[in-house]
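**Q** Handing over protein-v3.tsv, TSV, C-alpha atoms.
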```
chain	number	residue	atom	x	y	z
A	11	MET	CA	29.85	-35.76	-80.29
A	12	ASN	CA	33.14	-37.69	-80.20
A	13	VAL	CA	35.36	-34.63	-80.33
A	14	PRO	CA	33.84	-32.83	-77.28
A	15	ILE	CA	33.91	-36.08	-75.28
A	16	ARG	CA	37.55	-36.64	-76.22
A	17	MET	CA	38.34	-33.03	-75.27
A	18	LEU	CA	36.58	-33.51	-71.94
A	19	GLY	CA	38.64	-36.65	-71.33
A	20	ILE	CA	41.89	-34.87	-72.20
A	21	ALA	CA	40.98	-31.91	-69.97
A	22	THR	CA	40.26	-34.31	-67.08
A	23	VAL	CA	43.62	-36.03	-67.53
A	24	ILE	CA	45.43	-32.68	-67.63
A	25	LEU	CA	43.67	-31.55	-64.45
A	26	TRP	CA	44.61	-34.85	-62.73
A	27	VAL	CA	48.24	-34.28	-63.71
A	28	PHE	CA	48.06	-30.74	-62.28
A	29	LEU	CA	46.56	-32.05	-59.04
A	30	ALA	CA	49.21	-34.76	-58.67
A	31	ALA	CA	51.96	-32.26	-59.45
A	32	TYR	CA	50.55	-29.82	-56.88
A	33	ILE	CA	50.52	-32.48	-54.16
A	34	ALA	CA	54.02	-33.66	-55.10
A	35	VAL	CA	55.40	-30.09	-55.03
A	36	ALA	CA	53.62	-29.33	-51.74
A	37	ALA	CA	54.92	-32.55	-50.12
A	38	ASN	CA	58.50	-31.90	-51.23
A	39	SER	CA	58.23	-28.31	-50.13
A	40	PHE	CA	56.98	-29.40	-46.71
A	41	LYS	CA	59.97	-31.72	-46.41
A	42	ASP	CA	62.26	-28.74	-46.92
A	43	LEU	CA	60.61	-26.78	-44.14
A	44	ASN	CA	62.51	-26.51	-40.86
A	45	PHE	CA	61.27	-25.26	-37.51
A	46	GLY	CA	63.38	-24.68	-34.45
A	47	ALA	CA	63.11	-23.00	-31.08
A	48	GLY	CA	65.85	-21.21	-29.18
A	49	GLU	CA	66.37	-20.64	-25.49
A	50	PRO	CA	63.68	-18.37	-24.03
A	51	VAL	CA	64.77	-14.99	-22.72
A	52	PHE	CA	63.15	-14.07	-19.40
A	53	SER	CA	62.33	-10.64	-18.10
A	54	ALA	CA	60.10	-9.36	-15.34
A	55	SER	CA	57.70	-6.52	-16.00
A	56	THR	CA	56.70	-3.94	-13.41
A	57	ASN	CA	53.07	-5.04	-13.38
A	58	GLY	CA	53.78	-8.43	-11.87
A	59	GLU	CA	54.24	-10.39	-15.07
A	60	LEU	CA	57.05	-12.66	-16.06
A	61	LEU	CA	57.68	-12.28	-19.77
A	62	PHE	CA	59.56	-14.70	-21.85
A	63	ALA	CA	60.40	-14.31	-25.46
A	64	MET	CA	60.93	-17.59	-27.23
A	65	PRO	CA	62.80	-17.28	-30.51
A	66	LEU	CA	61.32	-19.50	-33.21
A	67	TYR	CA	63.32	-20.14	-36.34
A	68	ILE	CA	61.48	-20.84	-39.58
A	69	ASP	CA	63.62	-21.86	-42.52
A	70	ASN	CA	61.41	-22.24	-45.56
A	71	ARG	CA	63.65	-23.81	-48.19
A	72	GLY	CA	60.73	-25.24	-50.13
A	73	VAL	CA	59.04	-23.70	-53.14
A	74	CYS	CA	55.73	-22.98	-51.39
A	75	SER	CA	55.16	-20.05	-49.06
A	76	LEU	CA	53.56	-20.17	-45.63
A	77	LYS	CA	50.60	-17.92	-44.95
A	78	ASP	CA	48.83	-16.84	-41.77
A	79	LEU	CA	51.19	-18.61	-39.40
A	80	ASN	CA	49.55	-18.39	-35.99
A	81	ILE	CA	51.44	-19.72	-32.98
A	82	ILE	CA	49.46	-20.22	-29.78
A	83	THR	CA	50.97	-21.27	-26.47
A	84	VAL	CA	48.83	-22.32	-23.52
A	85	PHE	CA	50.29	-22.88	-20.07
A	86	SER	CA	48.25	-24.77	-17.54
A	87	ASP	CA	48.79	-25.93	-13.99
A	88	ALA	CA	48.80	-29.48	-12.64
A	89	GLU	CA	44.99	-29.43	-12.36
A	90	GLY	CA	44.67	-28.41	-16.00
A	91	ALA	CA	43.54	-24.86	-15.27
A	92	GLU	CA	44.76	-22.36	-17.82
A	93	ILE	CA	47.48	-20.05	-16.49
A	94	SER	CA	48.45	-18.16	-19.59
A	95	ILE	CA	47.66	-18.03	-23.28
A	96	ALA	CA	49.70	-16.18	-25.87
A	97	SER	CA	49.56	-15.94	-29.60
A	98	THR	CA	51.87	-14.64	-32.32
A	99	THR	CA	50.90	-14.18	-35.94
A	100	VAL	CA	53.22	-14.08	-38.94
A	101	PRO	CA	51.31	-13.08	-42.08
A	102	LEU	CA	53.70	-14.54	-44.67
A	103	VAL	CA	56.92	-16.55	-44.86
A	104	LEU	CA	58.04	-16.56	-48.46
A	105	HIS	CA	59.81	-19.50	-50.05
A	106	GLY	CA	63.55	-19.43	-49.50
A	107	GLN	CA	63.09	-17.11	-46.53
A	108	ASN	CA	64.74	-17.68	-43.17
A	109	THR	CA	62.78	-15.92	-40.43
A	110	THR	CA	63.14	-15.61	-36.69
A	111	VAL	CA	59.94	-14.87	-34.82
A	112	PHE	CA	59.84	-13.92	-31.15
A	113	HIS	CA	56.89	-15.58	-29.49
A	114	ASN	CA	56.18	-13.58	-26.35
A	115	VAL	CA	54.45	-15.30	-23.48
A	116	SER	CA	53.54	-13.58	-20.23
A	117	LEU	CA	52.86	-15.39	-17.00
A	118	ASN	CA	51.01	-13.51	-14.31
A	119	MET	CA	53.06	-14.12	-11.20
A	120	LYS	CA	50.41	-12.71	-8.91
A	121	ASP	CA	48.01	-15.47	-9.95
A	122	LEU	CA	50.59	-18.22	-10.21
A	123	LEU	CA	52.50	-17.57	-7.01
A	124	ASN	CA	49.37	-17.35	-4.93
A	125	LYS	CA	49.74	-21.10	-4.79
A	126	GLU	CA	52.35	-22.36	-2.34
A	127	GLU	CA	53.37	-25.22	-4.63
A	128	TYR	CA	54.82	-22.82	-7.21
A	129	LEU	CA	56.48	-20.64	-4.59
A	130	PHE	CA	58.30	-23.27	-2.58
A	131	ASP	CA	58.43	-26.45	-4.69
A	132	ASP	CA	59.90	-27.14	-8.09
A	133	GLY	CA	57.58	-28.76	-10.57
A	134	ASP	CA	56.33	-28.73	-14.09
A	135	LEU	CA	53.91	-26.52	-15.94
A	136	ALA	CA	51.98	-28.20	-18.68
A	137	ALA	CA	52.30	-26.33	-21.95
A	138	SER	CA	50.96	-26.85	-25.40
A	139	ILE	CA	52.14	-25.08	-28.51
A	140	THR	CA	50.03	-25.03	-31.64
A	141	ALA	CA	51.03	-23.54	-34.96
A	142	GLY	CA	48.33	-23.16	-37.58
A	143	LEU	CA	49.23	-22.11	-41.10
A	144	THR	CA	48.11	-22.24	-44.68
A	145	PHE	CA	50.63	-24.16	-46.70
A	146	ALA	CA	50.97	-24.01	-50.47
A	147	GLU	CA	48.04	-21.55	-50.66
A	148	LEU	CA	45.38	-24.23	-50.20
A	149	LEU	CA	46.34	-26.66	-47.44
A	150	PRO	CA	45.53	-25.65	-43.86
A	151	VAL	CA	48.06	-27.37	-41.62
A	152	GLU	CA	48.19	-27.52	-37.83
A	153	ILE	CA	51.27	-28.59	-35.92
A	154	SER	CA	50.94	-29.09	-32.18
A	155	LYS	CA	53.04	-30.36	-29.36
A	156	ASN	CA	52.41	-30.89	-25.66
A	157	PHE	CA	55.34	-30.55	-23.34
A	158	THR	CA	56.13	-29.75	-19.76
A	159	TYR	CA	57.98	-26.63	-18.82
A	160	PRO	CA	60.17	-27.04	-15.72
A	161	TRP	CA	59.13	-24.59	-13.08
A	162	GLY	CA	61.75	-23.54	-10.55
A	163	ALA	CA	60.41	-22.25	-7.24
A	164	PRO	CA	61.76	-18.83	-6.20
A	165	PHE	CA	61.80	-19.79	-2.50
A	166	TYR	CA	62.74	-23.45	-2.88
A	167	GLY	CA	63.51	-25.12	0.45
A	168	PHE	CA	62.51	-22.09	2.51
A	169	THR	CA	63.42	-22.91	6.10
A	170	LEU	CA	63.60	-21.14	9.39
A	171	GLU	CA	66.22	-22.97	11.39
A	172	GLN	CA	66.68	-23.48	15.09
A	173	ALA	CA	66.21	-20.19	16.93
A	174	SER	CA	68.77	-19.02	19.47
A	175	PHE	CA	67.86	-16.78	22.41
A	176	ARG	CA	70.11	-14.12	23.90
A	177	LEU	CA	69.38	-11.77	26.72
A	178	ILE	CA	69.96	-8.12	25.81
A	179	ASN	CA	68.99	-6.45	29.06
A	180	ALA	CA	66.60	-6.89	31.95
A	181	THR	CA	63.56	-6.08	29.86
A	182	HIS	CA	64.36	-7.43	26.41
A	183	GLY	CA	65.81	-10.51	24.80
A	184	SER	CA	66.94	-11.23	21.25
A	185	ILE	CA	65.87	-14.23	19.24
A	186	ASN	CA	68.03	-15.06	16.23
A	187	VAL	CA	66.46	-17.20	13.49
A	188	PRO	CA	68.61	-18.30	10.52
A	189	VAL	CA	66.65	-18.31	7.29
A	190	SER	CA	67.62	-19.87	3.99
A	191	PHE	CA	66.21	-20.71	0.62
A	192	GLU	CA	67.31	-21.29	-2.98
A	193	ASN	CA	66.05	-19.29	-5.91
A	194	HIS	CA	65.36	-21.95	-8.54
A	195	ALA	CA	63.28	-19.57	-10.64
A	196	ALA	CA	64.29	-18.37	-14.08
A	197	PHE	CA	64.37	-14.80	-12.79
A	198	ASN	CA	66.08	-12.84	-10.03
A	199	ILE	CA	64.00	-12.00	-6.99
A	200	THR	CA	64.31	-8.76	-5.13
A	201	GLY	CA	62.13	-7.74	-2.25
A	202	ASN	CA	61.72	-8.14	1.44
A	203	MET	CA	60.25	-10.59	3.86
A	204	ARG	CA	58.53	-9.65	7.05
A	205	ILE	CA	58.25	-12.25	9.75
A	206	GLU	CA	56.05	-12.07	12.80
A	207	LEU	CA	56.96	-14.17	15.79
A	208	CYS	CA	53.70	-15.21	17.40
A	209	GLY	CA	53.18	-16.97	20.67
A	210	SER	CA	50.86	-19.89	21.25
A	211	ASP	CA	48.23	-17.39	22.42
A	212	ASP	CA	48.38	-15.67	18.96
A	213	SER	CA	50.06	-12.61	20.39
A	214	VAL	CA	52.75	-11.02	18.25
A	215	LEU	CA	55.96	-11.11	20.23
A	216	GLY	CA	58.24	-9.56	17.69
A	217	VAL	CA	58.62	-8.57	14.07
A	218	ALA	CA	61.69	-8.86	11.87
A	219	GLN	CA	62.36	-7.85	8.29
A	220	ALA	CA	64.97	-8.86	5.78
A	221	VAL	CA	65.72	-7.49	2.38
A	222	PHE	CA	66.85	-9.93	-0.26
A	223	ASP	CA	68.21	-9.73	-3.77
A	224	VAL	CA	68.80	-13.25	-4.96
A	225	PRO	CA	69.92	-13.96	-8.50
A	226	GLN	CA	68.48	-17.00	-10.22
A	227	GLN	CA	69.96	-20.35	-9.20
A	228	SER	CA	71.48	-18.80	-6.06
A	229	VAL	CA	71.21	-19.55	-2.38
A	230	TYR	CA	70.05	-17.04	0.18
A	231	ALA	CA	71.10	-17.40	3.80
A	232	GLY	CA	70.52	-14.78	6.44
A	233	ASP	CA	69.53	-14.16	10.03
A	234	LEU	CA	66.36	-12.64	11.36
A	235	LYS	CA	66.60	-10.86	14.68
A	236	PHE	CA	63.56	-10.45	16.90
A	237	ILE	CA	63.65	-8.22	19.92
A	238	VAL	CA	61.13	-9.54	22.39
A	239	PRO	CA	60.02	-8.00	25.67
A	240	LEU	CA	60.68	-10.10	28.72
A	241	ASP	CA	57.35	-9.82	30.50
A	242	SER	CA	55.59	-12.46	32.49
A	243	ALA	CA	53.90	-13.98	29.44
A	244	SER	CA	57.07	-14.34	27.42
A	245	PRO	CA	58.52	-17.57	28.80
A	246	THR	CA	55.40	-19.60	28.04
A	247	ALA	CA	54.86	-17.86	24.71
A	248	LEU	CA	58.42	-18.54	23.62
A	249	ARG	CA	58.13	-22.25	24.33
A	250	GLY	CA	55.73	-22.74	21.42
A	251	GLY	CA	54.06	-20.71	18.72
A	252	TYR	CA	54.44	-19.93	15.08
A	253	PHE	CA	55.99	-17.56	12.57
A	254	ASN	CA	53.92	-15.62	10.05
A	255	VAL	CA	56.06	-14.98	6.99
A	256	TYR	CA	55.08	-12.32	4.42
A	257	PHE	CA	56.93	-11.91	1.12
A	258	SER	CA	56.86	-8.77	-0.92
A	259	THR	CA	58.60	-8.54	-4.29
A	260	SER	CA	58.14	-6.50	-7.44
A	261	LEU	CA	56.41	-9.51	-9.04
A	262	PHE	CA	54.13	-10.74	-6.27
A	263	GLU	CA	53.00	-10.46	-2.67
A	264	TYR	CA	52.47	-13.55	-0.58
A	265	GLY	CA	51.61	-14.23	2.99
A	266	PRO	CA	51.19	-15.28	5.61
A	267	LEU	CA	53.13	-18.53	5.43
A	268	VAL	CA	52.63	-20.10	8.83
A	269	ILE	CA	55.58	-22.04	10.22
A	270	PRO	CA	55.13	-23.51	13.70
A	271	TYR	CA	57.99	-23.70	16.17
A	272	GLY	CA	58.61	-25.14	19.56
B	15	MET	CA	27.05	-58.07	-87.02
B	16	VAL	CA	29.84	-56.17	-88.72
B	17	GLU	CA	32.36	-58.11	-86.62
B	18	GLU	CA	30.75	-61.40	-87.53
B	19	LYS	CA	31.70	-60.74	-91.15
B	20	LYS	CA	35.38	-60.27	-90.31
B	21	LYS	CA	37.78	-62.95	-91.42
B	22	PRO	CA	39.37	-65.15	-88.66
B	23	GLN	CA	42.84	-63.75	-89.57
B	24	ASN	CA	41.60	-60.22	-88.94
B	25	LYS	CA	40.01	-61.29	-85.65
B	26	VAL	CA	43.32	-62.70	-84.38
B	27	LYS	CA	45.10	-59.57	-85.56
B	28	ASP	CA	42.47	-57.45	-83.81
B	29	ILE	CA	42.78	-59.35	-80.53
B	30	ALA	CA	46.58	-59.24	-80.71
B	31	PHE	CA	46.42	-55.49	-81.27
B	32	LYS	CA	44.09	-55.08	-78.28
B	33	VAL	CA	46.40	-57.15	-76.06
B	34	VAL	CA	49.45	-55.12	-77.14
B	35	ARG	CA	47.56	-51.87	-76.64
B	36	ALA	CA	46.31	-52.94	-73.20
B	37	SER	CA	49.83	-54.03	-72.17
B	38	VAL	CA	51.45	-50.82	-73.37
B	39	THR	CA	48.79	-48.68	-71.62
B	40	ALA	CA	49.17	-50.67	-68.39
B	41	ILE	CA	52.97	-50.37	-68.51
B	42	LEU	CA	52.76	-46.63	-69.20
B	43	MET	CA	50.29	-46.21	-66.35
B	44	TYR	CA	52.56	-48.10	-63.95
B	45	VAL	CA	55.61	-46.10	-65.04
B	46	LEU	CA	53.62	-42.89	-64.47
B	47	TYR	CA	52.66	-44.20	-61.00
B	48	LEU	CA	56.31	-44.95	-60.22
B	49	LEU	CA	57.30	-41.41	-61.26
B	50	VAL	CA	54.53	-39.84	-59.15
B	51	ALA	CA	55.35	-42.19	-56.24
B	52	ALA	CA	58.97	-41.01	-56.32
B	53	LEU	CA	57.75	-37.41	-56.06
B	54	LEU	CA	55.30	-38.33	-53.31
B	55	ALA	CA	57.93	-40.19	-51.27
B	56	PRO	CA	57.87	-37.55	-48.47
B	57	VAL	CA	54.09	-38.06	-48.08
B	58	PHE	CA	54.57	-41.85	-47.91
B	59	GLU	CA	57.17	-41.35	-45.18
B	60	LEU	CA	54.72	-39.22	-43.20
B	61	VAL	CA	51.70	-41.50	-43.51
B	62	PRO	CA	52.48	-45.14	-42.73
B	63	GLY	CA	50.58	-47.60	-44.91
B	64	LEU	CA	49.68	-45.02	-47.54
B	65	ALA	CA	52.09	-46.44	-50.14
B	66	GLU	CA	50.58	-49.96	-49.79
B	67	THR	CA	47.02	-48.62	-50.03
B	68	ILE	CA	47.81	-46.61	-53.14
B	69	GLU	CA	49.61	-49.59	-54.69
B	70	ALA	CA	46.53	-51.79	-54.14
B	71	PHE	CA	44.39	-49.05	-55.68
B	72	ILE	CA	46.72	-48.79	-58.70
B	73	VAL	CA	46.62	-52.58	-59.23
B	74	VAL	CA	42.80	-52.66	-59.30
B	75	TYR	CA	42.71	-49.53	-61.48
B	76	ILE	CA	45.18	-51.00	-64.01
B	77	VAL	CA	43.30	-54.34	-64.09
B	78	LEU	CA	40.06	-52.49	-64.91
B	79	MET	CA	41.93	-50.47	-67.50
B	80	ILE	CA	43.35	-53.64	-69.13
B	81	LEU	CA	39.87	-55.20	-69.17
B	82	GLY	CA	38.50	-52.01	-70.72
B	83	ASP	CA	41.20	-52.08	-73.42
B	84	LEU	CA	40.70	-55.80	-74.13
B	85	THR	CA	36.97	-55.28	-74.59
B	86	ARG	CA	37.53	-52.21	-76.74
B	87	GLY	CA	34.85	-51.74	-79.39
B	88	THR	CA	32.21	-53.53	-77.32
B	89	ILE	CA	29.71	-52.30	-74.73
B	90	PHE	CA	31.79	-54.07	-72.03
B	91	GLN	CA	34.56	-51.53	-72.54
B	92	HIS	CA	32.18	-48.88	-71.23
B	93	PHE	CA	31.07	-51.08	-68.33
B	94	PHE	CA	34.69	-51.43	-67.24
B	95	ASN	CA	35.38	-47.73	-67.76
B	96	VAL	CA	32.35	-46.78	-65.62
B	97	ALA	CA	33.43	-49.35	-63.03
B	98	ARG	CA	36.90	-47.78	-63.03
B	99	ALA	CA	35.49	-44.27	-62.55
B	100	LEU	CA	33.17	-45.47	-59.77
B	101	PHE	CA	36.05	-47.34	-58.11
B	102	LEU	CA	38.10	-44.13	-58.12
B	103	ILE	CA	35.25	-42.16	-56.51
B	104	ALA	CA	34.60	-44.91	-53.94
B	105	TYR	CA	38.32	-45.14	-53.11
B	106	LEU	CA	38.53	-41.37	-52.59
B	107	LEU	CA	35.40	-41.28	-50.43
B	108	VAL	CA	36.51	-44.22	-48.29
B	109	SER	CA	40.12	-43.12	-47.91
B	110	MET	CA	39.45	-39.45	-47.23
B	111	GLY	CA	37.01	-39.82	-44.33
B	112	GLU	CA	36.49	-36.29	-43.05
B	113	GLY	CA	39.30	-34.96	-45.21
B	114	VAL	CA	41.54	-34.30	-42.21
B	115	VAL	CA	44.73	-36.33	-41.89
B	116	SER	CA	46.52	-36.52	-38.52
B	117	MET	CA	49.96	-37.99	-38.08
B	118	SER	CA	53.10	-37.73	-35.97
B	119	TYR	CA	56.06	-35.92	-37.44
B	120	GLU	CA	59.31	-35.39	-35.53
B	121	ASN	CA	57.60	-35.46	-32.07
B	122	PHE	CA	54.91	-33.11	-33.31
B	123	ASN	CA	51.29	-33.86	-34.03
B	124	LEU	CA	50.59	-32.82	-37.57
B	125	THR	CA	47.07	-32.25	-38.87
B	126	ILE	CA	46.53	-31.48	-42.52
B	127	ASN	CA	43.15	-30.44	-43.81
B	128	LEU	CA	42.91	-31.99	-47.28
B	129	THR	CA	39.26	-31.10	-47.83
B	130	MET	CA	40.04	-28.79	-50.75
B	131	PHE	CA	42.27	-31.37	-52.40
B	132	TYR	CA	39.71	-34.13	-51.92
B	133	ALA	CA	36.89	-31.94	-53.18
B	134	PHE	CA	38.89	-31.19	-56.31
B	135	ALA	CA	39.78	-34.89	-56.75
B	136	VAL	CA	36.14	-35.95	-56.36
B	137	VAL	CA	35.03	-33.31	-58.89
B	138	LEU	CA	37.61	-34.63	-61.35
B	139	SER	CA	36.46	-38.21	-60.68
B	140	LEU	CA	32.86	-37.20	-61.33
B	141	LEU	CA	34.01	-35.50	-64.52
B	142	GLY	CA	35.70	-38.78	-65.48
B	143	LEU	CA	32.53	-40.72	-64.72
B	144	ALA	CA	30.48	-38.28	-66.78
B	145	THR	CA	32.95	-38.65	-69.68
B	146	THR	CA	32.73	-42.47	-69.62
B	147	ILE	CA	28.92	-42.37	-69.48
B	148	MET	CA	28.86	-39.94	-72.40
B	149	LYS	CA	31.23	-42.25	-74.29
B	150	ALA	CA	28.88	-45.17	-73.59
B	151	ILE	CA	25.89	-43.16	-74.83
B	152	SER	CA	27.84	-42.11	-77.92
B	153	TYR	CA	28.83	-45.74	-78.55
B	154	LEU	CA	25.21	-46.95	-78.26
B	155	ASN	CA	24.12	-44.12	-80.51
B	156	GLU	CA	26.67	-45.12	-83.14
B	157	ARG	CA	25.63	-48.76	-82.85
B	158	ALA	CA	21.98	-47.77	-83.30
B	159	GLU	CA	22.88	-45.67	-86.34
B	160	ILE	CA	24.87	-48.58	-87.88
B	161	ALA	CA	22.03	-51.03	-87.13
B	162	SER	CA	19.38	-48.73	-88.67
B	163	GLY	CA	21.62	-48.20	-91.74
B	164	PHE	CA	22.09	-51.98	-92.04
B	165	HIS	CA	18.32	-52.58	-91.82
B	166	GLN	CA	17.72	-49.87	-94.42
B	167	THR	CA	20.27	-51.56	-96.74
B	168	LEU	CA	18.51	-54.90	-96.24
B	169	GLY	CA	15.12	-53.33	-96.85
```
Please re-express this file's structure in C-alpha cells.

**A**
Amino acid sequence: MNVPIRMLGIATVILWVFLAAYIAVAANSFKDLNFGAGEPVFSASTNGELLFAMPLYIDNRGVCSLKDLNIITVFSDAEGAEISIASTTVPLVLHGQNTTVFHNVSLNMKDLLNKEEYLFDDGDLAASITAGLTFAELLPVEISKNFTYPWGAPFYGFTLEQASFRLINATHGSINVPVSFENHAAFNITGNMRIELCGSDDSVLGVAQAVFDVPQQSVYAGDLKFIVPLDSASPTALRGGYFNVYFSTSLFEYGPLVIPYG
Amino acid sequence: MVEEKKKPQNKVKDIAFKVVRASVTAILMYVLYLLVAALLAPVFELVPGLAETIEAFIVVYIVLMILGDLTRGTIFQHFFNVARALFLIAYLLVSMGEGVVSMSYENFNLTINLTMFYAFAVVLSLLGLATTIMKAISYLNERAEIASGFHQTLG
C-alpha cells in the first residue's frame, strides 16, 4: 500500500509543479504582450455611413499564442443610447508574431446627424472597446476600456448674419444674407443648402441655394441671395420672420433648421 | 510501545534528526517559493496585495509542514498533514471567489477568468488530501499489525 500512496504523492507534486510553471510562463508571456492603436482613417461611404478603420498593433513577444481575439467597439450618445457597434475577430496570433489588425467601425450619419447637437455643436461620443481572447490556450482574458471620442460638428457655428436689402427694380428687391460655418468633422462635406425666407405670416418670400464643398477643419463663408417680390405684403413680412434651412449632402439630409430674424 | 523501549540516546538522536529534517524541508520549501515568486513577479505587479497574501499562506503552510515533520512517526503527523491539505483547499476556495479576477492594467480594465486554473488546483488539493488520508489509514493499519504481532508474541 505504501508504494501506490507514495506514487500518488509524487504525481501530485509533479502536477503542482506543472501548474505553477504554466502560470509563471503565462504571466511572463502576458508581460511581453504589447497592444497599440494608430490614428483612425476616415472615409465616407455612399450609403450615408462614415467608416473609420482603426489600426490595432498586436506584438506578441511572449511564448504563448493568442486565440479567438474578438474586438468589439460600441459608440453611444450622451444619453447612453447605442449609436454603433462593430466587431473584428482575429482567429490566432502566434507567439513572436507582430500583427496589425484594422478594426472597421461604421457610424450611420443619417441617424446621428438627425440630432442638431451633433450637426452644429462639438462634443464627445462615449465609446467602449472590449477585446476578448483566450490566452495560453486555457485562460479567457477580457481587456476593456471606456473613452470619449471627440466629435466635431460639420456645421459648427452655423450663422446667418445681418441681411442687407437692395432694390433691383420696381417689382423686385434683393436680400443678401452672409452665411458661415466651420467644418469640425473628421470628413469633408459636400452638398448644398436650400434656404427659404419666410415672413411672419409663414409665407415663403424667397428661396436661395448654395453649393458647398468644405474640407475638414475649414471655414465656409458665402452669401445667399434672395429675390423677393415687392408687393404690398412685403414690407411687413420683411420686418420679421424666419429662415428654413435644409441641408443635403451625400452622407445625410437635414432640415428644416428654423432661424428667426427681425 | 516500540518507542518506549528505545534508549534515551536514540530518542535524542531521533528528535535531532526530525528537527534537522523539518528545517531542511522548510528551507527547501521557502527557496522553492522564492524561485516561483520570482517567476510570478508580473502577476504580483498586476494584483496588488497578492504577494502578501501568498506569503502569509506560505508561512502557515510551512509551519504545518514543520509540525508534521517534527511529529513524524506518530498519528499527529497525519493530523498536521490533513490540516495542511485542508488549509490549502480552504485558501483556494476563499481566495478564488468566483474564479474571475479583475484589475487595472495600463489604463485598461483587465478581467481574467481563472476558473480552469482554480478547478485544476482544487482537484490537485483534493488529491493531496486523499493521499494524506490514505497515508493515515496505512499508518493506523501498520500500527494495528505491529500491535497484533506484539500481542501474539506475548501470548

**Q** At a cut-off of 12 Å around the point (47.9, -54.4, -73.7) (file coordinates), what residues fall inside when counting all atoms listed in the file? I'd like the answer as a VMD selection string.

**A** chain B and resid 28 to 43 76 to 86

**Q** Give me the residues within 10 Å of Tyr47 in chain B as an NGL selection string, counting all atoms listed in the file and dropping any in the same chain fewer than 6 places off.

**A** :B and (41 or 53 or 68-69 or 72)

**Q** Any chance you could export the current selection's C-alpha atoms as a short mmCIF file (atom, residue, chain, number, x, y, z; two decimals), in the frame of the given file?

**A**
```cif
data_model
loop_
_atom_site.label_atom_id
_atom_site.label_comp_id
_atom_site.auth_asym_id
_atom_site.auth_seq_id
_atom_site.Cartn_x
_atom_site.Cartn_y
_atom_site.Cartn_z
CA ILE B 41 52.97 -50.37 -68.51
CA LEU B 53 57.75 -37.41 -56.06
CA ILE B 68 47.81 -46.61 -53.14
CA GLU B 69 49.61 -49.59 -54.69
CA ILE B 72 46.72 -48.79 -58.70
#
```

**Q** Please identify every residue of chain B that has at least one atom no more than 6 Å from any atom of chain A, counting only C-alpha atoms, and report them as a ChimeraX atom specification.

**A** /B:53-54,57,122-127

**Q** Could you list, as a list in words, every residue within 6 Å of Phe112 in chain A, counting only C-alpha atoms and ignoring same-chain residues fewer than 2 positions away?

**A**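 Near Phe112 in chain A, the qualifying residues are Ala63, Met64 and Pro65 of chain A.
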
**Q** Using only C-alpha atoms, please write the residues we just selected to a file, as a PDB file, in the frame of the given file.

**A**
```
ATOM      1  CA  ALA A  63      60.400 -14.310 -25.460  1.00  0.00           C
ATOM      2  CA  MET A  64      60.930 -17.590 -27.230  1.00  0.00           C
ATOM      3  CA  PRO A  65      62.800 -17.280 -30.510  1.00  0.00           C
TER       4      PRO A  65
END
```

**Q** Padding 4 Å on every side, please: axis-aligned box over the listed atoms of range 148-159 of chain A, centre and edge lengths to one decimal in Å, as lines of an AutoDock Vina configuration file.

**A**
```
center_x = 51.7
center_y = -27.6
center_z = -34.5
size_x = 20.6
size_y = 14.7
size_z = 39.4
```
